[in-house]
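Enquirer: I am attaching a structure below and will ask some questions about it afterwards.
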Amino acid sequence: MFYTIVIAIIIFLYGVIIGSFLNVCIYRLPKKENIVTTRSHCMSCGYQLKWYDLIPLFSWLALRGRCRKCKAKISVQYPVVEALNGVLYLIVFLCCGVSIEALLYCLMASALLALSVIDFRTFEIPVGFNVFIAVLGLVRVLTDLSNWSEYAIGFFCGKRAALHNIFRDKGQGHWRR
């Protein structure tokens, strides 16, 4: 029991840390900004955040949702995405245990969470997310070859639905407002 609780806490914290990176992706990918080399900064004053300003969940709470320098409000999206990703990782762990399958599902949950927020804000889905999800799907098939036919059926049914939406929208590939 103690072992399970410790592992659950570690997995939740890992999910929160990945959630922090998702926030970087959510903000920067639609703007075509670099997600690796550019330092994190305040969106209002440009203040480069220190390491202690980047502790997921806790920094936002300690700063009361404001920039350390200019006191501008920081969106509540940041702690929500971090906490939600941690909870998703915890749910996957409780359902699947510690396994390759759980790792793939956690990565899929993170990709879908980031994709959902970006799509909600911009009505666009970056191509990289589609590629990443496809690679995760291929890795999942390779880890469970005994059920490859079920994965193939799911792939082609999903592909058919996507093609239907594209042609229905006359190739516009987005929702009309």
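Each chain of the structure tokens is named A, B, ... in the order shown, its residues numbered from 1; ligands are numbered from 1 in display order.
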Taking 4 positions as the minimum chain separation for residues in the same chain, which residues sit within 7 Å of region 62-73 of chain A when counting only C-alpha atoms? Answer as a VMD selection string.
Expert: chain A and resid 42 44 to 45 47 58
Enquirer: Got time to write the residues from that selection, N, CA, C and O atoms, as an mmCIF file, in the first residue's frame?
Expert:
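The result, written out as again32.cif:
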data_model
loop_
_atom_site.group_PDB
_atom_site.id
_atom_site.type_symbol
_atom_site.label_atom_id
_atom_site.label_comp_id
_atom_site.auth_asym_id
_atom_site.auth_seq_id
_atom_site.Cartn_x
_atom_site.Cartn_y
_atom_site.Cartn_z
ATOM 1 N N CYS A 42 7.944 36.629 -18.755
ATOM 2 C CA CYS A 42 6.628 37.231 -18.526
ATOM 3 C C CYS A 42 6.086 37.713 -19.870
ATOM 4 O O CYS A 42 6.806 38.326 -20.658
ATOM 5 N N SER A 44 3.970 40.029 -20.283
ATOM 6 C CA SER A 44 3.743 41.477 -20.253
ATOM 7 C C SER A 44 5.027 42.294 -20.310
ATOM 8 O O SER A 44 5.176 43.179 -21.153
ATOM 9 N N CYS A 45 5.974 42.001 -19.406
ATOM 10 C CA CYS A 45 7.172 42.840 -19.313
ATOM 11 C C CYS A 45 8.428 42.188 -19.897
ATOM 12 O O CYS A 45 9.446 42.853 -20.030
ATOM 13 N N TYR A 47 10.271 39.903 -18.483
ATOM 14 C CA TYR A 47 11.172 39.462 -17.417
ATOM 15 C C TYR A 47 11.471 37.975 -17.583
ATOM 16 O O TYR A 47 10.568 37.150 -17.669
ATOM 17 N N PHE A 58 3.391 25.318 -7.713
ATOM 18 C CA PHE A 58 3.788 26.037 -6.510
ATOM 19 C C PHE A 58 4.203 27.477 -6.786
ATOM 20 O O PHE A 58 3.874 28.378 -6.002
#
Enquirer: For a test of reading the model, state the distance in Å between CA of Leu61 (chain A) and CA of Pro79 (chain A), rounded to one decimal.
Expert: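 Computing the Euclidean distance for CA of Leu61 (chain A) and CA of Pro79 (chain A) yields 8.5 Å.
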Enquirer: List the neighbours of Asn34 (chain A) out to 10 Å using only C-alpha atoms; skip same-chain residues closer than 5 positions along the sequence, and give me the result as a list of chain:residue names.
Expert: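 Near Asn34 (chain A), the qualifying residues are A:Val24, A:Cys25, A:Arg28, A:Leu29, A:Arg39.
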Enquirer: Give the answer as one residue: which of A:Gly158, A:Val117, A:Gly128, A:Leu49 has the shortest atom-to-atom distance to Lys32 (chain A), using only C-alpha atoms?
Expert: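 Smallest distance to Lys32 (chain A) is found for A:Gly128.
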Enquirer: When distances are computed from only C-alpha atoms, which of A:Ile35, A:Val87, A:Met43, A:Leu115 shows the smallest separation from Ile17 (chain A)?
Expert: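 Smallest separation from Ile17 (chain A) among the options: A:Val87.
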Enquirer: Which residues are close to Ser110 (chain A), i.e. within 7 Å by only C-alpha atoms, leaving aside same-chain residues fewer than 4 positions away? Reply as JSON, numbers by chain.
Expert: {"A": [85, 106, 114]}
Enquirer: Select, from A:Tyr89, A:Phe123, A:Tyr27, A:Phe21, the residue with the minimum atom-to-atom distance to Pro56 (chain A), counting only C-alpha atoms.
Expert: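 Of the candidates, the smallest distance to Pro56 (chain A) is held by A:Phe21.
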Enquirer: With only C-alpha atoms as the atoms that count, which of A:Ser20, A:Tyr3, A:Val36, A:Gln77 lies nearest to Asp53 (chain A)?
Expert: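 Closest to Asp53 (chain A), using only C-alpha atoms: A:Ser20.
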Enquirer: As an exercise, work out the distance from CA of Tyr105 (chain A) to CA of Val92 (chain A) in Å and give it to one decimal place.
Expert: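 Computing the Euclidean distance for CA of Tyr105 (chain A) and CA of Val92 (chain A) yields 6.9 Å.
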